[in-house]
>>> print(open('input-v2.txt').read())   # compact mmCIF, C-alpha atoms
# COMPACT_ATOMS: atom_id res chain seq x y z
CA MET A 134 37.61 263.52 219.73
CA ASN A 135 34.00 262.34 220.00
CA PHE A 136 31.73 260.45 217.61
CA ASP A 137 30.00 263.67 216.52
CA SER A 138 33.19 264.77 214.74
CA LEU A 139 33.51 261.65 212.56
CA GLY A 140 30.83 262.59 210.03
CA LEU A 141 28.27 259.91 210.88
CA LYS A 142 24.57 260.61 210.41
CA ALA A 143 22.39 261.51 213.39
CA GLU A 144 20.53 258.19 213.49
CA LEU A 145 23.79 256.30 213.94
CA LEU A 146 25.09 258.72 216.57
CA ARG A 147 21.87 258.21 218.49
CA ALA A 148 22.34 254.44 218.44
CA VAL A 149 25.99 254.77 219.53
CA ASN A 150 24.90 256.93 222.44
CA GLU A 151 22.23 254.40 223.40
CA GLN A 152 24.95 251.74 223.54
CA GLY A 153 26.79 253.88 226.09
CA TYR A 154 29.75 254.95 223.95
CA THR A 155 30.95 258.55 223.80
CA GLN A 156 34.60 258.42 222.68
CA PRO A 157 35.73 256.54 219.57
CA THR A 158 38.69 254.19 219.92
CA PRO A 159 41.89 254.88 217.95
CA VAL A 160 40.99 252.45 215.16
CA GLN A 161 37.54 254.03 214.88
CA GLN A 162 39.02 257.54 214.73
CA LYS A 163 41.33 256.54 211.88
CA ALA A 164 39.17 254.11 209.91
CA ILE A 165 35.69 255.66 209.92
CA PRO A 166 36.57 258.88 208.00
CA VAL A 167 38.51 256.89 205.38
CA ILE A 168 35.63 254.46 204.84
CA LEU A 169 33.13 257.33 204.62
CA GLU A 170 35.25 258.77 201.79
CA GLY A 171 34.73 255.55 199.84
CA ARG A 172 38.35 254.40 199.96
CA ASP A 173 39.63 250.86 200.45
CA ILE A 174 41.25 250.23 203.80
CA MET A 175 43.74 247.77 205.27
CA ALA A 176 43.51 248.00 209.05
CA SER A 177 45.51 246.27 211.75
CA ALA A 178 43.49 245.98 214.95
CA GLN A 179 43.55 243.54 217.83
CA THR A 180 40.45 242.01 219.39
CA GLY A 181 38.82 244.41 221.83
CA THR A 182 39.87 247.63 220.07
CA GLY A 183 36.44 248.46 218.67
CA LYS A 184 37.24 247.27 215.15
CA THR A 185 33.74 245.92 214.47
CA ALA A 186 32.15 249.34 214.97
CA ALA A 187 35.00 250.82 212.92
CA PHE A 188 33.51 249.24 209.79
CA THR A 189 29.84 248.64 210.70
CA LEU A 190 29.12 252.31 211.48
CA PRO A 191 30.45 253.82 208.22
CA LEU A 192 28.99 250.89 206.28
CA LEU A 193 25.52 251.60 207.69
CA HIS A 194 26.02 255.31 206.97
CA ARG A 195 26.86 254.77 203.31
CA LEU A 196 24.16 252.16 202.72
CA SER A 197 21.45 254.31 204.29
CA GLN A 198 22.31 257.31 202.11
CA GLN A 199 20.57 255.83 199.10
CA ALA A 200 17.28 253.97 198.80
CA HIS A 201 17.45 250.35 197.71
CA HIS A 202 14.48 248.29 196.61
CA GLN A 203 16.21 245.15 195.35
CA ARG A 204 16.54 241.84 197.18
CA GLN A 205 20.24 241.29 196.57
CA PRO A 206 22.70 242.24 199.34
CA ARG A 207 24.70 245.41 198.80
CA ALA A 208 27.30 244.63 201.45
CA LEU A 209 29.07 241.35 202.18
CA ILE A 210 31.01 240.77 205.40
CA LEU A 211 33.10 237.59 205.59
CA ALA A 212 34.02 236.29 209.05
CA PRO A 213 35.95 233.16 210.05
CA THR A 214 33.57 231.69 212.64
CA ARG A 215 29.89 231.39 213.47
CA GLU A 216 30.34 233.31 216.69
CA LEU A 217 32.04 236.24 215.00
CA ALA A 218 29.42 236.34 212.24
CA ALA A 219 26.65 236.44 214.83
CA GLN A 220 28.48 239.11 216.81
CA VAL A 221 28.99 241.32 213.76
CA ASN A 222 25.30 241.09 212.88
CA GLU A 223 24.41 241.89 216.48
CA ASN A 224 26.47 245.07 216.08
CA LEU A 225 24.75 245.90 212.80
CA ARG A 226 21.35 245.58 214.43
CA ALA A 227 22.33 247.62 217.48
CA TYR A 228 23.88 250.48 215.52
CA GLY A 229 21.36 250.31 212.68
CA ARG A 230 18.23 250.31 214.83
CA HIS A 231 17.21 253.78 213.59
CA VAL A 232 17.93 253.23 209.89
CA LYS A 233 15.86 251.02 207.62
CA LEU A 234 18.38 248.36 206.63
CA ARG A 235 18.10 244.59 206.73
CA SER A 236 20.97 242.30 207.73
CA LEU A 237 21.39 238.55 208.01
CA GLU A 238 24.13 236.24 209.27
CA ILE A 239 24.61 232.82 207.66
CA PHE A 240 26.90 230.06 208.90
CA GLY A 241 27.13 226.30 209.00
CA GLY A 242 26.03 223.97 211.74
CA VAL A 243 22.37 225.01 211.44
CA ASN A 244 19.51 224.29 209.02
CA ILE A 245 20.11 226.09 205.73
CA ASN A 246 16.42 226.43 204.78
CA PRO A 247 15.53 229.35 207.11
CA GLN A 248 18.55 231.18 205.69
CA ILE A 249 17.28 230.61 202.15
CA THR A 250 13.86 231.98 203.10
CA LYS A 251 15.37 235.15 204.56
CA LEU A 252 17.63 235.64 201.55
CA GLN A 253 14.61 235.39 199.27
CA ARG A 254 12.84 238.12 201.23
CA GLY A 255 15.74 240.47 200.56
CA ILE A 256 18.55 241.92 202.66
CA ASP A 257 20.99 244.82 202.53
CA VAL A 258 23.93 243.36 204.48
CA LEU A 259 25.00 239.72 204.45
CA VAL A 260 27.39 238.47 207.14
CA ALA A 261 28.73 235.02 206.26
CA THR A 262 31.32 232.41 206.99
CA PRO A 263 33.07 231.40 203.75
CA GLY A 264 32.00 227.75 203.85
CA ARG A 265 28.27 228.38 204.25
CA LEU A 266 28.34 231.16 201.64
CA ILE A 267 29.87 228.72 199.15
CA ASP A 268 27.01 226.31 199.97
CA HIS A 269 24.47 228.99 199.04
CA MET A 270 26.39 229.90 195.88
CA GLN A 271 26.35 226.27 194.75
CA ARG A 272 22.61 226.04 195.43
CA GLY A 273 21.94 229.30 193.61
CA THR A 274 20.21 230.73 196.68
CA VAL A 275 22.32 233.88 196.95
CA ASP A 276 22.96 236.61 194.37
CA LEU A 277 26.13 238.65 194.95
CA SER A 278 25.95 240.65 191.73
CA LYS A 279 24.90 243.87 193.49
CA VAL A 280 27.56 243.90 196.23
CA GLU A 281 29.07 247.37 196.60
CA PHE A 282 31.01 246.76 199.82
CA LEU A 283 33.17 243.80 200.83
CA VAL A 284 34.55 243.42 204.36
CA LEU A 285 37.14 240.77 205.24
CA ASP A 286 36.96 240.63 209.04
CA GLU A 287 39.80 238.92 210.91
CA ALA A 288 41.35 238.05 207.58
CA ASP A 289 44.41 236.54 209.25
CA ARG A 290 42.27 233.98 211.03
CA MET A 291 40.41 233.10 207.84
CA LEU A 292 43.74 232.32 206.18
CA ASP A 293 44.88 230.34 209.23
CA MET A 294 41.72 228.24 208.95
CA GLY A 295 42.33 227.44 205.29
CA PHE A 296 39.65 229.68 203.79
CA ARG A 297 41.82 231.29 201.12
CA PRO A 298 40.44 229.15 198.24
CA ALA A 299 36.88 229.92 199.38
CA ILE A 300 37.63 233.65 199.60
CA GLU A 301 39.10 233.61 196.09
CA ARG A 302 36.05 231.81 194.76
CA ILE A 303 33.70 234.30 196.42
CA VAL A 304 35.57 237.41 195.29
CA LYS A 305 35.56 236.19 191.67
CA VAL A 306 31.78 236.57 191.45
CA LEU A 307 31.67 240.03 193.04
CA PRO A 308 31.49 243.23 190.97
CA LYS A 309 34.92 244.64 190.22
CA LYS A 310 33.70 248.10 191.20
CA ARG A 311 33.32 247.95 194.97
CA GLN A 312 34.82 249.23 198.21
CA THR A 313 36.87 246.62 200.08
CA LEU A 314 37.75 246.78 203.77
CA LEU A 315 40.29 244.37 205.26
CA PHE A 316 40.76 243.98 209.01
CA SER A 317 43.47 241.79 210.50
CA ALA A 318 45.27 241.45 213.82
CA THR A 319 48.61 241.46 212.00
CA PHE A 320 50.01 242.41 208.60
CA SER A 321 51.73 239.17 207.66
CA LYS A 322 53.17 238.44 204.23
CA GLU A 323 50.03 236.46 203.36
CA ILE A 324 47.73 239.31 204.44
CA THR A 325 49.75 241.83 202.44
CA GLN A 326 49.45 239.59 199.37
CA LEU A 327 45.70 239.28 199.92
CA ALA A 328 45.40 243.06 200.08
CA GLN A 329 47.39 243.47 196.87
CA ASN A 330 45.02 241.08 195.10
CA TYR A 331 41.71 242.54 196.23
CA LEU A 332 42.19 246.16 197.37
CA GLN A 333 42.70 249.29 195.24
CA ASN A 334 45.26 251.73 196.67
CA PRO A 335 44.16 251.04 200.25
CA GLU A 336 44.71 253.38 203.16
CA ARG A 337 46.81 251.53 205.69
CA VAL A 338 45.69 251.96 209.31
CA GLU A 339 47.78 250.76 212.23
CA THR A 340 46.73 251.67 215.74
CA ALA A 341 49.35 249.80 217.75
CA PRO A 342 52.76 248.18 217.21
CA PRO A 343 52.59 244.68 215.69
CA ASN A 344 51.68 241.98 218.22
CA SER A 345 51.17 244.52 221.00
CA THR A 346 48.78 243.56 223.78
CA VAL A 347 46.08 245.70 225.32
CA GLU A 348 47.78 247.94 227.87
CA ALA A 349 45.04 247.61 230.48
CA ILE A 350 45.61 243.86 230.83
CA ALA A 351 47.64 242.64 233.79
CA GLN A 352 49.54 239.47 232.86
CA GLN A 353 50.92 236.85 235.21
CA ALA A 354 51.88 233.19 235.12
CA PHE A 355 51.97 230.28 237.56
CA ARG A 356 54.47 227.45 237.33
CA VAL A 357 52.57 224.22 237.92
CA ASP A 358 52.83 220.55 237.02
CA GLN A 359 50.46 219.50 234.23
CA LYS A 360 48.66 216.98 236.45
CA GLN A 361 47.89 219.70 239.02
CA LYS A 362 46.61 222.38 236.65
CA ARG A 363 42.95 221.63 237.30
CA GLU A 364 43.44 221.88 241.05
CA VAL A 365 45.32 225.16 240.77
CA LEU A 366 42.69 226.61 238.43
CA SER A 367 39.89 225.78 240.87
CA PHE A 368 42.11 227.12 243.66
CA LEU A 369 42.56 230.48 241.92
CA ILE A 370 38.93 230.87 240.91
CA GLY A 371 37.47 229.76 244.22
CA SER A 372 39.19 231.86 246.83
CA ASN A 373 39.41 234.96 244.65
CA ASN A 374 35.69 234.69 243.97
CA TRP A 375 36.24 235.17 240.23
CA GLN A 376 32.75 235.21 238.74
CA GLN A 377 33.39 235.29 235.00
CA VAL A 378 36.39 233.36 233.68
CA LEU A 379 37.21 232.45 230.08
CA VAL A 380 39.59 229.47 230.00
CA PHE A 381 41.49 228.33 226.90
CA THR A 382 42.44 224.74 226.17
CA ARG A 383 44.31 223.39 223.17
CA THR A 384 41.85 220.63 222.22
CA LYS A 385 38.10 220.01 222.06
CA HIS A 386 38.43 216.89 224.21
CA GLY A 387 40.43 218.86 226.76
CA ALA A 388 37.74 221.56 226.88
CA ASN A 389 35.01 219.00 227.54
CA ARG A 390 37.02 217.22 230.22
CA LEU A 391 38.01 220.41 232.03
CA ALA A 392 34.43 221.74 232.06
CA ARG A 393 33.23 218.48 233.61
CA GLN A 394 36.00 218.54 236.21
CA LEU A 395 35.29 222.15 237.18
CA GLU A 396 31.61 221.27 237.60
CA THR A 397 32.73 218.53 240.00
CA ASP A 398 34.67 221.20 241.88
CA GLY A 399 31.46 223.17 242.35
CA LEU A 400 32.19 225.75 239.62
CA PRO A 401 29.32 226.03 237.09
CA SER A 402 31.04 225.58 233.72
CA ALA A 403 30.43 224.92 230.03
CA ALA A 404 32.62 224.14 227.03
CA ILE A 405 32.40 225.58 223.51
CA HIS A 406 34.23 224.20 220.48
CA GLY A 407 33.66 223.20 216.88
CA ASN A 408 31.99 219.87 217.71
CA LYS A 409 29.28 221.54 219.78
CA SER A 410 26.00 222.34 218.03
CA GLN A 411 25.31 225.98 217.30
CA GLY A 412 22.42 225.86 219.76
CA ALA A 413 24.64 224.54 222.54
CA ARG A 414 27.31 227.17 221.84
CA THR A 415 24.79 230.01 221.78
CA LYS A 416 23.21 228.81 225.03
CA ALA A 417 26.59 228.50 226.77
CA LEU A 418 27.65 231.99 225.70
CA SER A 419 24.32 233.48 226.76
CA GLU A 420 24.47 231.86 230.20
CA PHE A 421 28.07 233.00 230.62
CA LYS A 422 27.17 236.60 229.79
CA LYS A 423 24.30 236.44 232.29
CA ASN A 424 26.60 234.97 234.99
CA LYS A 425 24.56 231.77 235.13
CA ILE A 426 27.76 229.85 234.55
CA ARG A 427 31.04 230.91 236.09
CA VAL A 428 33.59 229.40 233.71
CA LEU A 429 33.51 229.15 229.91
CA VAL A 430 36.10 226.71 228.55
CA ALA A 431 36.94 227.26 224.89
CA THR A 432 39.30 226.32 222.10
CA ASP A 433 40.99 229.12 220.15
CA ILE A 434 38.84 228.84 217.04
CA ALA A 435 35.56 228.63 218.98
CA ALA A 436 36.42 231.72 221.02
CA ARG A 437 37.48 233.79 218.04
CA GLY A 438 35.23 236.82 217.79
CA LEU A 439 33.58 236.46 221.18
CA ASP A 440 32.66 239.91 222.46
CA ILE A 441 31.84 239.84 226.15
CA ASP A 442 31.54 243.18 227.90
CA GLN A 443 33.65 243.71 231.02
CA LEU A 444 35.24 240.24 230.91
CA PRO A 445 37.62 240.37 233.89
CA HIS A 446 39.62 237.12 233.64
CA VAL A 447 41.22 235.01 230.91
CA VAL A 448 43.18 231.86 231.77
CA ASN A 449 45.57 230.03 229.45
CA TYR A 450 45.07 226.51 230.79
CA ASP A 451 47.13 225.16 227.89
CA ILE A 452 49.84 227.45 226.56
CA PRO A 453 49.17 228.04 222.82
CA ASN A 454 51.50 226.49 220.27
CA VAL A 455 51.48 229.71 218.24
CA PRO A 456 52.61 232.77 220.24
CA GLU A 457 50.29 235.12 218.33
CA ASP A 458 47.32 233.14 219.66
CA TYR A 459 48.27 234.35 223.14
CA VAL A 460 47.64 237.92 222.00
CA HIS A 461 44.25 236.94 220.57
CA ARG A 462 43.33 235.10 223.77
CA ILE A 463 44.13 237.80 226.29
CA GLY A 464 42.51 240.43 224.06
CA ARG A 465 39.18 239.10 225.37
CA THR A 466 39.74 240.92 228.66
CA GLY A 467 40.56 244.52 229.55
CA ARG A 468 38.17 245.85 226.91
CA ALA A 469 37.25 249.49 226.48
CA GLY A 470 39.82 250.68 229.01
CA ARG A 471 38.61 248.40 231.79
CA ASP A 472 41.07 246.43 233.88
CA GLY A 473 41.62 242.81 232.98
CA LEU A 474 43.75 239.95 234.24
CA ALA A 475 45.31 237.28 232.02
CA VAL A 476 46.69 234.24 233.84
CA SER A 477 48.80 231.46 232.31
CA LEU A 478 49.32 228.04 233.90
CA VAL A 479 52.73 226.92 232.66
CA ALA A 480 53.81 223.29 232.93
CA GLY A 481 57.47 222.35 232.70
CA SER A 482 56.97 220.97 229.18
CA GLU A 483 55.44 224.32 228.11
CA HIS A 484 58.32 226.47 229.30
CA GLY A 485 59.74 226.87 225.78
CA LEU A 486 56.36 227.88 224.38
CA PHE A 487 55.92 230.49 227.10
CA GLU A 488 59.38 231.92 226.44
CA ASP A 489 58.34 232.39 222.80
CA ILE A 490 55.36 234.39 224.07
CA ARG A 491 57.53 236.57 226.32
CA LYS A 492 59.71 237.44 223.34
CA LEU A 493 56.72 238.28 221.16
CA VAL A 494 54.90 240.56 223.60
CA ARG A 495 58.11 242.08 224.99
CA VAL A 496 56.68 241.96 228.50
CA ASP A 497 58.48 240.49 231.49
CA ILE A 498 55.44 238.53 232.69
CA PRO A 499 55.80 237.84 236.45
CA THR A 500 55.77 234.14 237.27
CA TYR A 501 54.66 232.70 240.59
CA GLY A 502 54.43 229.42 242.43
CA VAL A 503 51.43 228.37 244.52
CA GLU A 504 51.96 227.07 248.04
CA GLY A 505 51.01 223.43 248.23
CA TYR A 506 51.40 222.93 244.49
CA GLU A 507 55.16 223.10 244.12
CA PRO A 508 56.16 222.01 240.58
CA THR A 509 58.40 218.99 240.10
CA GLU A 510 58.51 218.76 236.30
CA PRO A 511 61.77 219.75 234.56
CA LEU A 512 61.63 222.83 232.35
CA SER A 513 61.65 222.27 228.61
CA ARG A 514 64.21 224.68 227.14
CA GLU A 515 63.25 223.98 223.56
CA ALA A 516 61.20 226.91 222.31
CA GLY A 517 58.15 226.08 220.26
CA LYS A 518 58.13 222.42 221.29
CA THR A 519 54.62 221.05 221.73
CA PRO A 520 54.18 219.08 224.96
CA ALA A 521 54.16 215.38 224.20
CA ARG A 522 51.31 214.57 226.56
CA ARG A 523 49.07 216.26 229.08
CA GLY A 524 48.01 214.88 232.41
CA ARG A 525 44.41 214.56 233.46
CA GLY A 526 44.42 216.76 236.54
CA ASN A 527 43.04 215.42 239.77
CA GLY A 528 41.84 216.49 243.16
CA GLY A 529 39.51 219.36 243.80
CA GLY A 530 41.32 222.39 245.12
CA ARG A 531 39.39 225.50 246.03
CA GLY A 532 41.80 228.21 245.83
CA ASN A 533 43.35 231.51 245.87
CA GLY A 534 45.34 233.96 243.83
CA ASN A 535 44.94 237.62 243.03
CA ARG A 536 46.43 240.35 240.94
CA GLY A 537 49.60 240.22 242.98
CA GLY A 538 49.92 236.45 242.90
CA GLY A 539 47.48 235.68 245.70
CA ARG A 540 47.54 234.29 249.20
CA GLY A 541 49.81 231.29 249.14
CA ALA A 542 51.53 232.38 245.95
CA ARG A 543 55.19 233.28 245.77
CA ASN A 544 57.28 234.92 243.10
CA SER A 545 59.76 232.57 241.53
CA ALA A 546 60.88 234.17 238.26
CA GLY A 547 60.29 236.86 235.73
CA GLN A 548 59.91 239.90 237.99
>>> encode(input="input-v2.txt", output="structure tokens")
Amino acid sequence: MNFDSLGLKAELLRAVNEQGYTQPTPVQQKAIPVILEGRDIMASAQTGTGKTAAFTLPLLHRLSQQAHHQRQPRALILAPTRELAAQVNENLRAYGRHVKLRSLEIFGGVNINPQITKLQRGIDVLVATPGRLIDHMQRGTVDLSKVEFLVLDEADRMLDMGFRPAIERIVKVLPKKRQTLLFSATFSKEITQLAQNYLQNPERVETAPPNSTVEAIAQQAFRVDQKQKREVLSFLIGSNNWQQVLVFTRTKHGANRLARQLETDGLPSAAIHGNKSQGARTKALSEFKKNKIRVLVATDIAARGLDIDQLPHVVNYDIPNVPEDYVHRIGRTGRAGRDGLAVSLVAGSEHGLFEDIRKLVRVDIPTYGVEGYEPTEPLSREAGKTPARRGRGNGGGRGNGNRGGGRGARNSAGQ
């Protein structure tokens, strides 16, 4: 199947072709025709599956079919984070470059006045984080009375972040007659309840088994003491000449500290998290995409929605407390059929957490040791137990490691 067979108008197909895409992904094949028919949809799609285009393309198609001369937005897209909101609007602009539609993203952490000015000028599509949209509603600077399309993007993450009351408040002011599109990585009980409340006889689209990971991603782990993680990370990046590495930490403080330490090791790095200004986060992401910095250290929430083409490496520096977050993390690599490598550094106190992940993804992830960094910490057998403390990492290793475990690496378990 190609994009020509999906029923999209020529201007959109031209833009898709200019972006270098020829074959729609499974979620695009299933979702686009349903949305074009005007039906509500409840779609399960992991990061990196092309889900953003799965709703932006048919949305642009339907909006461009009829002239609109009012200032109020006709489509509202809710996203959990600033980065995802910006990324969605970037997609709207790229795919809508040949149709006369106006879009705007609004989120917190930046001056609200320029957003008010743009809203007053009039837009067709509004992409918003729930918190900032509530701010505009309270100020009376946004009118949602003409919304015909509502998209809940990464709805599971919005619920995880406590946005349910905000979503309920927003939906209350929307017209009852509308098309609603819900996209989520999983269909949890909470997501199903949300769909029952806001969707009308939705078409359910599932493109992969629940909690499945992208098949193109190679996964491996290294057993290492917490205090030696920084050395091992530098070791792996350095001698493999990894040029673009997204590293996940559990805390904002940990992200800042690790980025500074990697800089000391001679690896250009930056950290992004909720305490960083929007300008700093945008700059860091831009420099990472342009290969001006080698390592981007991020917390889970800050990285949500990042769309980086051809990202080759993701590292779990801290093993996530919630196994599903592992799926979200490694979904940043191996996009669009390209190879990707996801590496986890597992301390003894994180053994139980990592076993939870193995059970979830149903993959026997090979685990290695690194010569010169033999672990001494006992293994925690208690699944789901959060490590009580984390060491600070020291030294400045320059290292090795590759898809097969690397020079100096040996297999110790999990083959």
>>> closest_residue(input="input-v2.txt", among="A:Arg147, A:His461, A:Lys163, A:Lys184", to="A:Arg337", atoms="all atoms listed in the file")
A:Lys163
>>> residues_around(input="input-v2.txt", residues="stretch 391-408 of chain A", least_positions_apart="5", cutoff="6 Å", atoms="all atoms listed in the file", output="ChimeraX atom specification")
/A:385,414,426-432,435,529
>>> closest_residue(input="input-v2.txt", among="A:Leu315, A:Phe355, A:Lys309, A:Val280", to="A:Val503", atoms="all atoms listed in the file")
A:Phe355
>>> closest_residue(input="input-v2.txt", among="A:Val357, A:Leu209, A:Ala328, A:Val304", to="A:Val284", atoms="only C-alpha atoms")
A:Leu209
>>> closest_residue(input="input-v2.txt", among="A:Ser513, A:Ser419, A:Ala388, A:Gln377", to="A:Gly473", atoms="all atoms listed in the file")
A:Gln377
>>> closest_residue(input="input-v2.txt", among="A:Asn424, A:Ser317, A:Thr189, A:Thr274", to="A:Ala176", atoms="all atoms listed in the file")
A:Ser317
>>> closest_residue(input="input-v2.txt", among="A:Val494, A:Ile434, A:Ile210, A:Leu192", to="A:Asp286", atoms="all atoms listed in the file")
A:Ile210
>>> decode(input="input-v2.txt", residues="stretch 276-301 of chain A", atoms="C-alpha atoms", output="compact mmCIF listing (two decimals), in the first residue's frame")
# COMPACT_ATOMS: atom_id res chain seq x y z
CA ASP A 276 -12.75 30.57 22.02
CA LEU A 277 -13.35 26.83 21.60
CA SER A 278 -16.98 27.08 20.53
CA LYS A 279 -16.23 26.22 16.88
CA VAL A 280 -14.08 23.13 17.48
CA GLU A 281 -15.08 20.32 15.11
CA PHE A 282 -12.17 17.98 15.81
CA LEU A 283 -10.58 16.99 19.12
CA VAL A 284 -7.37 14.95 19.29
CA LEU A 285 -6.06 13.49 22.56
CA ASP A 286 -2.45 12.66 21.73
CA GLU A 287 -0.56 10.33 24.09
CA ALA A 288 -3.62 10.25 26.31
CA ASP A 289 -2.03 7.71 28.64
CA ARG A 290 0.79 10.11 29.45
CA MET A 291 -1.63 12.98 30.06
CA LEU A 292 -3.42 10.84 32.64
CA ASP A 293 -0.10 9.78 34.19
CA MET A 294 0.80 13.46 34.58
CA GLY A 295 -2.45 14.25 36.38
CA PHE A 296 -4.19 16.13 33.56
CA ARG A 297 -7.53 14.33 33.78
CA PRO A 298 -9.31 17.19 35.63
CA ALA A 299 -7.97 19.68 33.07
CA ILE A 300 -9.09 17.48 30.16
CA GLU A 301 -12.57 17.18 31.67
